[in-house]
file protein.txt (compact mmCIF, N, CA and C atoms)
# COMPACT_ATOMS: atom_id res chain seq x y z
N MET Z 22 -8.79 -13.96 -38.06
CA MET Z 22 -9.43 -15.26 -38.06
C MET Z 22 -9.41 -15.79 -39.50
N PRO Z 23 -8.98 -17.03 -39.71
CA PRO Z 23 -8.99 -17.61 -41.05
C PRO Z 23 -10.41 -17.64 -41.62
N ASP Z 24 -10.50 -17.58 -42.95
CA ASP Z 24 -11.80 -17.53 -43.62
C ASP Z 24 -12.73 -18.68 -43.25
N TYR Z 25 -12.19 -19.89 -43.17
CA TYR Z 25 -13.05 -21.04 -42.88
C TYR Z 25 -13.62 -20.95 -41.46
N LEU Z 26 -12.84 -20.40 -40.52
CA LEU Z 26 -13.36 -20.23 -39.17
C LEU Z 26 -14.38 -19.09 -39.11
N GLN Z 27 -14.14 -18.04 -39.89
CA GLN Z 27 -15.08 -16.92 -39.94
C GLN Z 27 -16.43 -17.40 -40.46
N LYS Z 28 -16.42 -18.28 -41.46
CA LYS Z 28 -17.67 -18.81 -42.00
C LYS Z 28 -18.41 -19.66 -40.96
N LEU Z 29 -17.66 -20.43 -40.18
CA LEU Z 29 -18.27 -21.29 -39.17
C LEU Z 29 -18.71 -20.54 -37.92
N PHE Z 30 -17.86 -19.64 -37.45
CA PHE Z 30 -18.07 -19.02 -36.15
C PHE Z 30 -18.17 -17.50 -36.18
N GLY Z 31 -18.17 -16.91 -37.35
CA GLY Z 31 -18.18 -15.46 -37.46
C GLY Z 31 -19.43 -14.82 -36.87
N LEU Z 32 -19.24 -13.66 -36.27
CA LEU Z 32 -20.35 -12.94 -35.63
C LEU Z 32 -20.55 -11.56 -36.24
N ASP Z 33 -20.14 -11.39 -37.48
CA ASP Z 33 -20.32 -10.10 -38.15
C ASP Z 33 -21.79 -9.71 -38.13
N GLY Z 34 -22.04 -8.44 -37.80
CA GLY Z 34 -23.41 -7.94 -37.77
C GLY Z 34 -24.17 -8.29 -36.51
N ARG Z 35 -23.54 -8.96 -35.57
CA ARG Z 35 -24.20 -9.34 -34.31
C ARG Z 35 -23.72 -8.44 -33.18
N VAL Z 36 -24.53 -8.36 -32.14
CA VAL Z 36 -24.17 -7.61 -30.94
C VAL Z 36 -24.10 -8.60 -29.78
N ALA Z 37 -23.02 -8.54 -29.02
CA ALA Z 37 -22.84 -9.41 -27.86
C ALA Z 37 -22.77 -8.54 -26.61
N VAL Z 38 -23.61 -8.84 -25.63
CA VAL Z 38 -23.60 -8.13 -24.36
C VAL Z 38 -22.95 -9.05 -23.33
N VAL Z 39 -21.88 -8.57 -22.70
CA VAL Z 39 -21.17 -9.37 -21.72
C VAL Z 39 -21.25 -8.68 -20.36
N ILE Z 40 -22.15 -9.17 -19.49
CA ILE Z 40 -22.21 -8.66 -18.13
C ILE Z 40 -21.03 -9.27 -17.38
N GLY Z 41 -20.23 -8.43 -16.78
CA GLY Z 41 -18.99 -8.88 -16.17
C GLY Z 41 -17.81 -8.69 -17.11
N GLY Z 42 -18.05 -7.94 -18.17
CA GLY Z 42 -17.01 -7.69 -19.16
C GLY Z 42 -15.86 -6.84 -18.65
N THR Z 43 -16.01 -6.27 -17.47
CA THR Z 43 -14.94 -5.46 -16.89
C THR Z 43 -13.97 -6.30 -16.08
N GLY Z 44 -14.30 -7.57 -15.86
CA GLY Z 44 -13.42 -8.46 -15.11
C GLY Z 44 -12.43 -9.16 -16.02
N VAL Z 45 -11.63 -10.02 -15.44
CA VAL Z 45 -10.58 -10.71 -16.20
C VAL Z 45 -11.19 -11.70 -17.21
N LEU Z 46 -12.00 -12.63 -16.74
CA LEU Z 46 -12.57 -13.65 -17.62
C LEU Z 46 -13.55 -13.02 -18.62
N GLY Z 47 -14.43 -12.15 -18.11
CA GLY Z 47 -15.38 -11.48 -18.99
C GLY Z 47 -14.70 -10.61 -20.02
N GLY Z 48 -13.61 -9.98 -19.63
CA GLY Z 48 -12.86 -9.14 -20.56
C GLY Z 48 -12.27 -9.94 -21.70
N GLU Z 49 -11.75 -11.12 -21.38
CA GLU Z 49 -11.19 -11.98 -22.42
C GLU Z 49 -12.30 -12.49 -23.34
N LEU Z 50 -13.48 -12.75 -22.78
CA LEU Z 50 -14.63 -13.14 -23.59
C LEU Z 50 -15.00 -12.00 -24.54
N CYS Z 51 -14.98 -10.77 -24.05
CA CYS Z 51 -15.24 -9.61 -24.90
C CYS Z 51 -14.26 -9.55 -26.06
N ASN Z 52 -12.98 -9.77 -25.76
CA ASN Z 52 -11.96 -9.74 -26.81
C ASN Z 52 -12.23 -10.79 -27.88
N GLY Z 53 -12.55 -12.00 -27.45
CA GLY Z 53 -12.81 -13.09 -28.39
C GLY Z 53 -14.03 -12.83 -29.25
N LEU Z 54 -15.09 -12.31 -28.66
CA LEU Z 54 -16.30 -11.99 -29.42
C LEU Z 54 -16.02 -10.89 -30.44
N ALA Z 55 -15.23 -9.90 -30.04
CA ALA Z 55 -14.88 -8.83 -30.97
C ALA Z 55 -14.03 -9.37 -32.11
N GLN Z 56 -13.10 -10.26 -31.81
CA GLN Z 56 -12.27 -10.85 -32.86
C GLN Z 56 -13.10 -11.67 -33.84
N ALA Z 57 -14.21 -12.23 -33.36
CA ALA Z 57 -15.10 -12.98 -34.23
C ALA Z 57 -16.03 -12.07 -35.03
N GLY Z 58 -15.95 -10.76 -34.79
CA GLY Z 58 -16.72 -9.81 -35.59
C GLY Z 58 -17.89 -9.15 -34.91
N ALA Z 59 -18.20 -9.52 -33.68
CA ALA Z 59 -19.35 -8.94 -32.98
C ALA Z 59 -19.03 -7.52 -32.49
N THR Z 60 -20.06 -6.70 -32.43
CA THR Z 60 -19.97 -5.45 -31.71
C THR Z 60 -20.25 -5.80 -30.25
N VAL Z 61 -19.37 -5.42 -29.35
CA VAL Z 61 -19.45 -5.87 -27.97
C VAL Z 61 -19.91 -4.75 -27.04
N VAL Z 62 -20.87 -5.07 -26.19
CA VAL Z 62 -21.27 -4.18 -25.10
C VAL Z 62 -20.58 -4.71 -23.85
N VAL Z 63 -19.58 -3.98 -23.39
CA VAL Z 63 -18.85 -4.35 -22.18
C VAL Z 63 -19.65 -3.81 -21.01
N ALA Z 64 -20.29 -4.69 -20.25
CA ALA Z 64 -21.17 -4.27 -19.16
C ALA Z 64 -20.56 -4.65 -17.82
N GLY Z 65 -20.56 -3.71 -16.89
CA GLY Z 65 -20.03 -3.97 -15.57
C GLY Z 65 -20.17 -2.75 -14.68
N ARG Z 66 -19.65 -2.87 -13.48
CA ARG Z 66 -19.77 -1.79 -12.50
C ARG Z 66 -18.69 -0.74 -12.63
N SER Z 67 -17.52 -1.11 -13.11
CA SER Z 67 -16.39 -0.18 -13.16
C SER Z 67 -16.27 0.50 -14.52
N GLU Z 68 -16.63 1.78 -14.55
CA GLU Z 68 -16.52 2.53 -15.80
C GLU Z 68 -15.07 2.60 -16.26
N GLU Z 69 -14.15 2.78 -15.33
CA GLU Z 69 -12.73 2.89 -15.68
C GLU Z 69 -12.24 1.61 -16.38
N ARG Z 70 -12.53 0.46 -15.79
CA ARG Z 70 -12.10 -0.80 -16.41
C ARG Z 70 -12.87 -1.10 -17.70
N GLY Z 71 -14.14 -0.71 -17.73
CA GLY Z 71 -14.94 -0.91 -18.93
C GLY Z 71 -14.43 -0.10 -20.10
N GLU Z 72 -14.13 1.16 -19.86
CA GLU Z 72 -13.61 2.02 -20.93
C GLU Z 72 -12.23 1.54 -21.38
N ALA Z 73 -11.44 1.01 -20.45
CA ALA Z 73 -10.13 0.46 -20.83
C ALA Z 73 -10.30 -0.75 -21.74
N ARG Z 74 -11.29 -1.60 -21.44
CA ARG Z 74 -11.55 -2.77 -22.28
C ARG Z 74 -12.03 -2.34 -23.66
N VAL Z 75 -12.91 -1.34 -23.70
CA VAL Z 75 -13.38 -0.81 -24.98
C VAL Z 75 -12.20 -0.30 -25.80
N ALA Z 76 -11.30 0.43 -25.17
CA ALA Z 76 -10.13 0.96 -25.87
C ALA Z 76 -9.26 -0.17 -26.42
N THR Z 77 -9.10 -1.24 -25.65
CA THR Z 77 -8.31 -2.38 -26.10
C THR Z 77 -8.95 -3.02 -27.33
N ILE Z 78 -10.24 -3.22 -27.29
CA ILE Z 78 -10.96 -3.83 -28.41
C ILE Z 78 -10.85 -2.95 -29.64
N GLU Z 79 -11.04 -1.65 -29.48
CA GLU Z 79 -10.96 -0.73 -30.62
C GLU Z 79 -9.55 -0.67 -31.18
N LYS Z 80 -8.55 -0.75 -30.31
CA LYS Z 80 -7.15 -0.73 -30.76
C LYS Z 80 -6.86 -1.96 -31.64
N LEU Z 81 -7.54 -3.07 -31.35
CA LEU Z 81 -7.37 -4.30 -32.13
C LEU Z 81 -8.28 -4.33 -33.37
N GLY Z 82 -9.02 -3.25 -33.61
CA GLY Z 82 -9.86 -3.15 -34.80
C GLY Z 82 -11.30 -3.55 -34.60
N GLY Z 83 -11.71 -3.83 -33.37
CA GLY Z 83 -13.08 -4.22 -33.10
C GLY Z 83 -13.95 -3.03 -32.72
N LYS Z 84 -15.23 -3.31 -32.51
CA LYS Z 84 -16.20 -2.30 -32.10
C LYS Z 84 -16.74 -2.65 -30.73
N ALA Z 85 -16.80 -1.66 -29.85
CA ALA Z 85 -17.29 -1.92 -28.49
C ALA Z 85 -17.79 -0.64 -27.87
N THR Z 86 -18.61 -0.82 -26.84
CA THR Z 86 -19.10 0.29 -26.03
C THR Z 86 -19.23 -0.21 -24.60
N PHE Z 87 -19.25 0.72 -23.66
CA PHE Z 87 -19.40 0.36 -22.25
C PHE Z 87 -20.79 0.72 -21.76
N ALA Z 88 -21.35 -0.14 -20.92
CA ALA Z 88 -22.63 0.13 -20.25
C ALA Z 88 -22.47 -0.23 -18.77
N GLU Z 89 -22.80 0.72 -17.91
CA GLU Z 89 -22.69 0.45 -16.47
C GLU Z 89 -23.89 -0.37 -16.03
N VAL Z 90 -23.62 -1.47 -15.30
CA VAL Z 90 -24.68 -2.35 -14.81
C VAL Z 90 -24.18 -3.07 -13.57
N ASP Z 91 -25.11 -3.31 -12.65
CA ASP Z 91 -24.83 -4.10 -11.45
C ASP Z 91 -25.69 -5.35 -11.55
N ALA Z 92 -25.08 -6.49 -11.80
CA ALA Z 92 -25.82 -7.73 -12.02
C ALA Z 92 -26.64 -8.15 -10.80
N ALA Z 93 -26.31 -7.64 -9.63
CA ALA Z 93 -27.06 -7.98 -8.41
C ALA Z 93 -28.31 -7.11 -8.24
N ASP Z 94 -28.47 -6.12 -9.11
CA ASP Z 94 -29.60 -5.20 -9.02
C ASP Z 94 -30.52 -5.42 -10.23
N ARG Z 95 -31.69 -5.99 -9.99
CA ARG Z 95 -32.62 -6.33 -11.05
C ARG Z 95 -32.96 -5.13 -11.95
N GLU Z 96 -33.20 -3.98 -11.36
CA GLU Z 96 -33.54 -2.79 -12.14
C GLU Z 96 -32.38 -2.35 -13.03
N SER Z 97 -31.16 -2.49 -12.52
CA SER Z 97 -29.98 -2.14 -13.30
C SER Z 97 -29.89 -3.03 -14.55
N VAL Z 98 -30.14 -4.31 -14.37
CA VAL Z 98 -30.08 -5.24 -15.50
C VAL Z 98 -31.21 -4.97 -16.47
N LYS Z 99 -32.42 -4.68 -15.97
CA LYS Z 99 -33.55 -4.36 -16.85
C LYS Z 99 -33.26 -3.12 -17.69
N SER Z 100 -32.63 -2.12 -17.09
CA SER Z 100 -32.35 -0.89 -17.84
C SER Z 100 -31.26 -1.09 -18.88
N LEU Z 101 -30.43 -2.10 -18.67
CA LEU Z 101 -29.40 -2.40 -19.67
C LEU Z 101 -30.03 -2.81 -20.96
call {"tool": "encode", "arguments": {"input": "protein.txt", "output": "C-alpha cells"}}
result
Amino acid sequence: MPDYLQKLFGLDGRVAVVIGGTGVLGGELCNGLAQAGATVVVAGRSEERGEARVATIEKLGGKATFAEVDAADRESVKSL
C-alpha cells in the first residue's frame, strides 16, 4: 500500500474480526484488512477453509488467526 494510503486508511495495531471470513466475500475482506495492516480474526464454521485463509494471509505477510463461530447461534457469537 502506498504511504499516503497507509496514512489515510492504515489499520496497523488494530484487530479486525470478520464473521463469515471463511466464505468468498468475507475471505476477500479479510485479505484487504490484512493488507491495510490489521491483525485479522477469520471467523466462520469451517475450520479447514478458515485455516486456509489464515495461511494465505500469512503467506502475503499479514497476521491472522481462525476462530470457529456459527453466526446463527447467539452463544457461539458471544463466546467469540
call {"tool": "residues_around", "arguments": {"input": "protein.txt", "residues": "Leu81 (chain Z)", "least_positions_apart": "3", "cutoff": "12 Å", "atoms": "only C-alpha atoms", "output": "mmCIF file with N, CA and C atoms, in the coordinates of the input"}}
result
data_model
loop_
_atom_site.group_PDB
_atom_site.id
_atom_site.type_symbol
_atom_site.label_atom_id
_atom_site.label_comp_id
_atom_site.auth_asym_id
_atom_site.auth_seq_id
_atom_site.Cartn_x
_atom_site.Cartn_y
_atom_site.Cartn_z
ATOM 1 N N CYS Z 51 -14.980 -10.770 -24.050
ATOM 2 C CA CYS Z 51 -15.240 -9.610 -24.900
ATOM 3 C C CYS Z 51 -14.260 -9.550 -26.060
ATOM 4 N N ASN Z 52 -12.980 -9.770 -25.760
ATOM 5 C CA ASN Z 52 -11.960 -9.740 -26.810
ATOM 6 C C ASN Z 52 -12.230 -10.790 -27.880
ATOM 7 N N GLY Z 53 -12.550 -12.000 -27.450
ATOM 8 C CA GLY Z 53 -12.810 -13.090 -28.390
ATOM 9 C C GLY Z 53 -14.030 -12.830 -29.250
ATOM 10 N N ALA Z 55 -15.230 -9.900 -30.040
ATOM 11 C CA ALA Z 55 -14.880 -8.830 -30.970
ATOM 12 C C ALA Z 55 -14.030 -9.370 -32.110
ATOM 13 N N GLN Z 56 -13.100 -10.260 -31.810
ATOM 14 C CA GLN Z 56 -12.270 -10.850 -32.860
ATOM 15 C C GLN Z 56 -13.100 -11.670 -33.840
ATOM 16 N N ALA Z 57 -14.210 -12.230 -33.360
ATOM 17 C CA ALA Z 57 -15.100 -12.980 -34.230
ATOM 18 C C ALA Z 57 -16.030 -12.070 -35.030
ATOM 19 N N GLY Z 58 -15.950 -10.760 -34.790
ATOM 20 C CA GLY Z 58 -16.720 -9.810 -35.590
ATOM 21 C C GLY Z 58 -17.890 -9.150 -34.910
ATOM 22 N N ARG Z 74 -11.290 -1.600 -21.440
ATOM 23 C CA ARG Z 74 -11.550 -2.770 -22.280
ATOM 24 C C ARG Z 74 -12.030 -2.340 -23.660
ATOM 25 N N VAL Z 75 -12.910 -1.340 -23.700
ATOM 26 C CA VAL Z 75 -13.380 -0.810 -24.980
ATOM 27 C C VAL Z 75 -12.200 -0.300 -25.800
ATOM 28 N N ALA Z 76 -11.300 0.430 -25.170
ATOM 29 C CA ALA Z 76 -10.130 0.960 -25.870
ATOM 30 C C ALA Z 76 -9.260 -0.170 -26.420
ATOM 31 N N THR Z 77 -9.100 -1.240 -25.650
ATOM 32 C CA THR Z 77 -8.310 -2.380 -26.100
ATOM 33 C C THR Z 77 -8.950 -3.020 -27.330
ATOM 34 N N ILE Z 78 -10.240 -3.220 -27.290
ATOM 35 C CA ILE Z 78 -10.960 -3.830 -28.410
ATOM 36 C C ILE Z 78 -10.850 -2.950 -29.640
ATOM 37 N N LYS Z 84 -15.230 -3.310 -32.510
ATOM 38 C CA LYS Z 84 -16.200 -2.300 -32.100
ATOM 39 C C LYS Z 84 -16.740 -2.650 -30.730
ATOM 40 N N ALA Z 85 -16.800 -1.660 -29.850
ATOM 41 C CA ALA Z 85 -17.290 -1.920 -28.490
ATOM 42 C C ALA Z 85 -17.790 -0.640 -27.870
#
call {"tool": "closest_residue", "arguments": {"input": "protein.txt", "among": "Z:Gly31, Z:Gly47, Z:Pro23, Z:Gly82", "to": "Val63 (chain Z)", "atoms": "only N, CA and C atoms"}}
result
Z:Gly47
call {"tool": "atom_distance", "arguments": {"input": "protein.txt", "atom1": "CA of Leu32 (chain Z)", "atom2": "CA of Val61 (chain Z)"}}
result
10.5 Å
call {"tool": "select_by_dssp", "arguments": {"input": "protein.txt", "residues": "chain Z", "states": "strand (DSSP E or B)", "output": "list in words"}}
result
Val36, Ala37, Val38, Val39, Ile40, Thr60, Val61, Val62, Val63, Ala64, Gly65, Lys84, Ala85, Thr86, Phe87, Ala88 and Glu89 of chain Z
call {"tool": "write_last_selection", "arguments": {"input": "protein.txt", "atoms": "N, CA and C atoms", "output": "PDB file, in the coordinates of the input"}}
result
ATOM      1  N   VAL Z  36     -24.530  -8.360 -32.140  1.00  0.00           N
ATOM      2  CA  VAL Z  36     -24.170  -7.610 -30.940  1.00  0.00           C
ATOM      3  C   VAL Z  36     -24.100  -8.600 -29.780  1.00  0.00           C
ATOM      4  N   ALA Z  37     -23.020  -8.540 -29.020  1.00  0.00           N
ATOM      5  CA  ALA Z  37     -22.840  -9.410 -27.860  1.00  0.00           C
ATOM      6  C   ALA Z  37     -22.770  -8.540 -26.610  1.00  0.00           C
ATOM      7  N   VAL Z  38     -23.610  -8.840 -25.630  1.00  0.00           N
ATOM      8  CA  VAL Z  38     -23.600  -8.130 -24.360  1.00  0.00           C
ATOM      9  C   VAL Z  38     -22.950  -9.050 -23.330  1.00  0.00           C
ATOM     10  N   VAL Z  39     -21.880  -8.570 -22.700  1.00  0.00           N
ATOM     11  CA  VAL Z  39     -21.170  -9.370 -21.720  1.00  0.00           C
ATOM     12  C   VAL Z  39     -21.250  -8.680 -20.360  1.00  0.00           C
ATOM     13  N   ILE Z  40     -22.150  -9.170 -19.490  1.00  0.00           N
ATOM     14  CA  ILE Z  40     -22.210  -8.660 -18.130  1.00  0.00           C
ATOM     15  C   ILE Z  40     -21.030  -9.270 -17.380  1.00  0.00           C
ATOM     16  N   THR Z  60     -20.060  -6.700 -32.430  1.00  0.00           N
ATOM     17  CA  THR Z  60     -19.970  -5.450 -31.710  1.00  0.00           C
ATOM     18  C   THR Z  60     -20.250  -5.800 -30.250  1.00  0.00           C
ATOM     19  N   VAL Z  61     -19.370  -5.420 -29.350  1.00  0.00           N
ATOM     20  CA  VAL Z  61     -19.450  -5.870 -27.970  1.00  0.00           C
ATOM     21  C   VAL Z  61     -19.910  -4.750 -27.040  1.00  0.00           C
ATOM     22  N   VAL Z  62     -20.870  -5.070 -26.190  1.00  0.00           N
ATOM     23  CA  VAL Z  62     -21.270  -4.180 -25.100  1.00  0.00           C
ATOM     24  C   VAL Z  62     -20.580  -4.710 -23.850  1.00  0.00           C
ATOM     25  N   VAL Z  63     -19.580  -3.980 -23.390  1.00  0.00           N
ATOM     26  CA  VAL Z  63     -18.850  -4.350 -22.180  1.00  0.00           C
ATOM     27  C   VAL Z  63     -19.650  -3.810 -21.010  1.00  0.00           C
ATOM     28  N   ALA Z  64     -20.290  -4.690 -20.250  1.00  0.00           N
ATOM     29  CA  ALA Z  64     -21.170  -4.270 -19.160  1.00  0.00           C
ATOM     30  C   ALA Z  64     -20.560  -4.650 -17.820  1.00  0.00           C
ATOM     31  N   GLY Z  65     -20.560  -3.710 -16.890  1.00  0.00           N
ATOM     32  CA  GLY Z  65     -20.030  -3.970 -15.570  1.00  0.00           C
ATOM     33  C   GLY Z  65     -20.170  -2.750 -14.680  1.00  0.00           C
ATOM     34  N   LYS Z  84     -15.230  -3.310 -32.510  1.00  0.00           N
ATOM     35  CA  LYS Z  84     -16.200  -2.300 -32.100  1.00  0.00           C
ATOM     36  C   LYS Z  84     -16.740  -2.650 -30.730  1.00  0.00           C
ATOM     37  N   ALA Z  85     -16.800  -1.660 -29.850  1.00  0.00           N
ATOM     38  CA  ALA Z  85     -17.290  -1.920 -28.490  1.00  0.00           C
ATOM     39  C   ALA Z  85     -17.790  -0.640 -27.870  1.00  0.00           C
ATOM     40  N   THR Z  86     -18.610  -0.820 -26.840  1.00  0.00           N
ATOM     41  CA  THR Z  86     -19.100   0.290 -26.030  1.00  0.00           C
ATOM     42  C   THR Z  86     -19.230  -0.210 -24.600  1.00  0.00           C
ATOM     43  N   PHE Z  87     -19.250   0.720 -23.660  1.00  0.00           N
ATOM     44  CA  PHE Z  87     -19.400   0.360 -22.250  1.00  0.00           C
ATOM     45  C   PHE Z  87     -20.790   0.720 -21.760  1.00  0.00           C
ATOM     46  N   ALA Z  88     -21.350  -0.140 -20.920  1.00  0.00           N
ATOM     47  CA  ALA Z  88     -22.630   0.130 -20.250  1.00  0.00           C
ATOM     48  C   ALA Z  88     -22.470  -0.230 -18.770  1.00  0.00           C
ATOM     49  N   GLU Z  89     -22.800   0.720 -17.910  1.00  0.00           N
ATOM     50  CA  GLU Z  89     -22.690   0.450 -16.470  1.00  0.00           C
ATOM     51  C   GLU Z  89     -23.890  -0.370 -16.030  1.00  0.00           C
TER      52      GLU Z  89
END
call {"tool": "select_by_dssp", "arguments": {"input": "protein.txt", "residues": "region 55-91 of chain Z", "states": "alpha helix (DSSP H)", "output": "list in words"}}
result
Ala55, Gln56, Glu68, Glu69, Arg70, Gly71, Glu72, Ala73, Arg74, Val75, Ala76, Thr77, Ile78, Glu79 and Lys80 of chain Z
call {"tool": "atom_distance", "arguments": {"input": "protein.txt", "atom1": "atom N of Gly71 (chain Z)", "atom2": "CA of Phe87 (chain Z)"}}
result
7.0 Å
call {"tool": "residues_around", "arguments": {"input": "protein.txt", "residues": "Gly41 (chain Z)", "least_positions_apart": "5", "cutoff": "6 Å", "atoms": "all atoms listed in the file", "output": "PyMOL selection string"}}
result
chain Z and resi 47-48+64-65
call {"tool": "atom_distance", "arguments": {"input": "protein.txt", "atom1": "atom N of Lys99 (chain Z)", "atom2": "atom C of Glu79 (chain Z)"}}
result
27.8 Å
call {"tool": "residues_near_point", "arguments": {"input": "protein.txt", "point": "(-8.3, -3.1, -13.6)", "cutoff": "10 Å", "atoms": "only C-alpha atoms", "output": "number ranges by chain"}}
result
Z: 43-45, 67, 69-71, 73-74
call {"tool": "residues_around", "arguments": {"input": "protein.txt", "residues": "Thr60 (chain Z)", "least_positions_apart": "6", "cutoff": "9 Å", "atoms": "only C-alpha atoms", "output": "ChimeraX atom specification"}}
result
/Z:32-38,54,83-86
call {"tool": "closest_residue", "arguments": {"input": "protein.txt", "among": "Z:Val62, Z:Glu89, Z:Asp94, Z:Ser100", "to": "Gly42 (chain Z)", "atoms": "all atoms listed in the file"}}
result
Z:Val62
call {"tool": "closest_residue", "arguments": {"input": "protein.txt", "among": "Z:Leu101, Z:Ala88, Z:Leu46, Z:Ala93", "to": "Glu72 (chain Z)", "atoms": "only C-alpha atoms"}}
result
Z:Ala88
call {"tool": "build_atoms", "arguments": {"input": "protein.txt", "residues": "region 34-41 of chain Z", "atoms": "all heavy atoms", "output": "PDB file, in the frame of the given file"}}
result
ATOM      1  N   GLY Z  34     -22.040  -8.440 -37.800  1.00  0.00           N
ATOM      2  CA  GLY Z  34     -23.410  -7.940 -37.770  1.00  0.00           C
ATOM      3  C   GLY Z  34     -24.170  -8.290 -36.510  1.00  0.00           C
ATOM      4  O   GLY Z  34     -25.341  -7.945 -36.376  1.00  0.00           O
ATOM      5  N   ARG Z  35     -23.540  -8.960 -35.570  1.00  0.00           N
ATOM      6  CA  ARG Z  35     -24.200  -9.340 -34.310  1.00  0.00           C
ATOM      7  C   ARG Z  35     -23.720  -8.440 -33.180  1.00  0.00           C
ATOM      8  O   ARG Z  35     -22.647  -7.856 -33.244  1.00  0.00           O
ATOM      9  CB  ARG Z  35     -23.869 -10.786 -33.938  1.00  0.00           C
ATOM     10  CG  ARG Z  35     -24.149 -11.812 -34.994  1.00  0.00           C
ATOM     11  CD  ARG Z  35     -25.644 -12.015 -35.145  1.00  0.00           C
ATOM     12  NE  ARG Z  35     -25.918 -12.963 -36.191  1.00  0.00           N
ATOM     13  CZ  ARG Z  35     -26.616 -14.059 -36.027  1.00  0.00           C
ATOM     14  NH1 ARG Z  35     -27.132 -14.350 -34.857  1.00  0.00           N
ATOM     15  NH2 ARG Z  35     -26.839 -14.860 -37.034  1.00  0.00           N
ATOM     16  N   VAL Z  36     -24.530  -8.360 -32.140  1.00  0.00           N
ATOM     17  CA  VAL Z  36     -24.170  -7.610 -30.940  1.00  0.00           C
ATOM     18  C   VAL Z  36     -24.100  -8.600 -29.780  1.00  0.00           C
ATOM     19  O   VAL Z  36     -25.022  -9.394 -29.590  1.00  0.00           O
ATOM     20  CB  VAL Z  36     -25.203  -6.499 -30.616  1.00  0.00           C
ATOM     21  CG1 VAL Z  36     -24.858  -5.799 -29.316  1.00  0.00           C
ATOM     22  CG2 VAL Z  36     -25.272  -5.497 -31.759  1.00  0.00           C
ATOM     23  N   ALA Z  37     -23.020  -8.540 -29.020  1.00  0.00           N
ATOM     24  CA  ALA Z  37     -22.840  -9.410 -27.860  1.00  0.00           C
ATOM     25  C   ALA Z  37     -22.770  -8.540 -26.610  1.00  0.00           C
ATOM     26  O   ALA Z  37     -21.977  -7.607 -26.552  1.00  0.00           O
ATOM     27  CB  ALA Z  37     -21.555 -10.221 -28.003  1.00  0.00           C
ATOM     28  N   VAL Z  38     -23.610  -8.840 -25.630  1.00  0.00           N
ATOM     29  CA  VAL Z  38     -23.600  -8.130 -24.360  1.00  0.00           C
ATOM     30  C   VAL Z  38     -22.950  -9.050 -23.330  1.00  0.00           C
ATOM     31  O   VAL Z  38     -23.413 -10.175 -23.118  1.00  0.00           O
ATOM     32  CB  VAL Z  38     -25.036  -7.773 -23.897  1.00  0.00           C
ATOM     33  CG1 VAL Z  38     -25.004  -7.056 -22.558  1.00  0.00           C
ATOM     34  CG2 VAL Z  38     -25.734  -6.920 -24.960  1.00  0.00           C
ATOM     35  N   VAL Z  39     -21.880  -8.570 -22.700  1.00  0.00           N
ATOM     36  CA  VAL Z  39     -21.170  -9.370 -21.720  1.00  0.00           C
ATOM     37  C   VAL Z  39     -21.250  -8.680 -20.360  1.00  0.00           C
ATOM     38  O   VAL Z  39     -20.565  -7.690 -20.113  1.00  0.00           O
ATOM     39  CB  VAL Z  39     -19.684  -9.580 -22.112  1.00  0.00           C
ATOM     40  CG1 VAL Z  39     -18.976 -10.443 -21.075  1.00  0.00           C
ATOM     41  CG2 VAL Z  39     -19.586 -10.219 -23.490  1.00  0.00           C
ATOM     42  N   ILE Z  40     -22.150  -9.170 -19.490  1.00  0.00           N
ATOM     43  CA  ILE Z  40     -22.210  -8.660 -18.130  1.00  0.00           C
ATOM     44  C   ILE Z  40     -21.030  -9.270 -17.380  1.00  0.00           C
ATOM     45  O   ILE Z  40     -20.846 -10.480 -17.399  1.00  0.00           O
ATOM     46  CB  ILE Z  40     -23.547  -9.022 -17.456  1.00  0.00           C
ATOM     47  CG1 ILE Z  40     -24.695  -8.319 -18.190  1.00  0.00           C
ATOM     48  CG2 ILE Z  40     -23.533  -8.631 -15.987  1.00  0.00           C
ATOM     49  CD1 ILE Z  40     -26.072  -8.641 -17.659  1.00  0.00           C
ATOM     50  N   GLY Z  41     -20.230  -8.430 -16.780  1.00  0.00           N
ATOM     51  CA  GLY Z  41     -18.990  -8.880 -16.170  1.00  0.00           C
ATOM     52  C   GLY Z  41     -17.810  -8.690 -17.110  1.00  0.00           C
ATOM     53  O   GLY Z  41     -16.728  -9.199 -16.874  1.00  0.00           O
TER      54      GLY Z  41
END
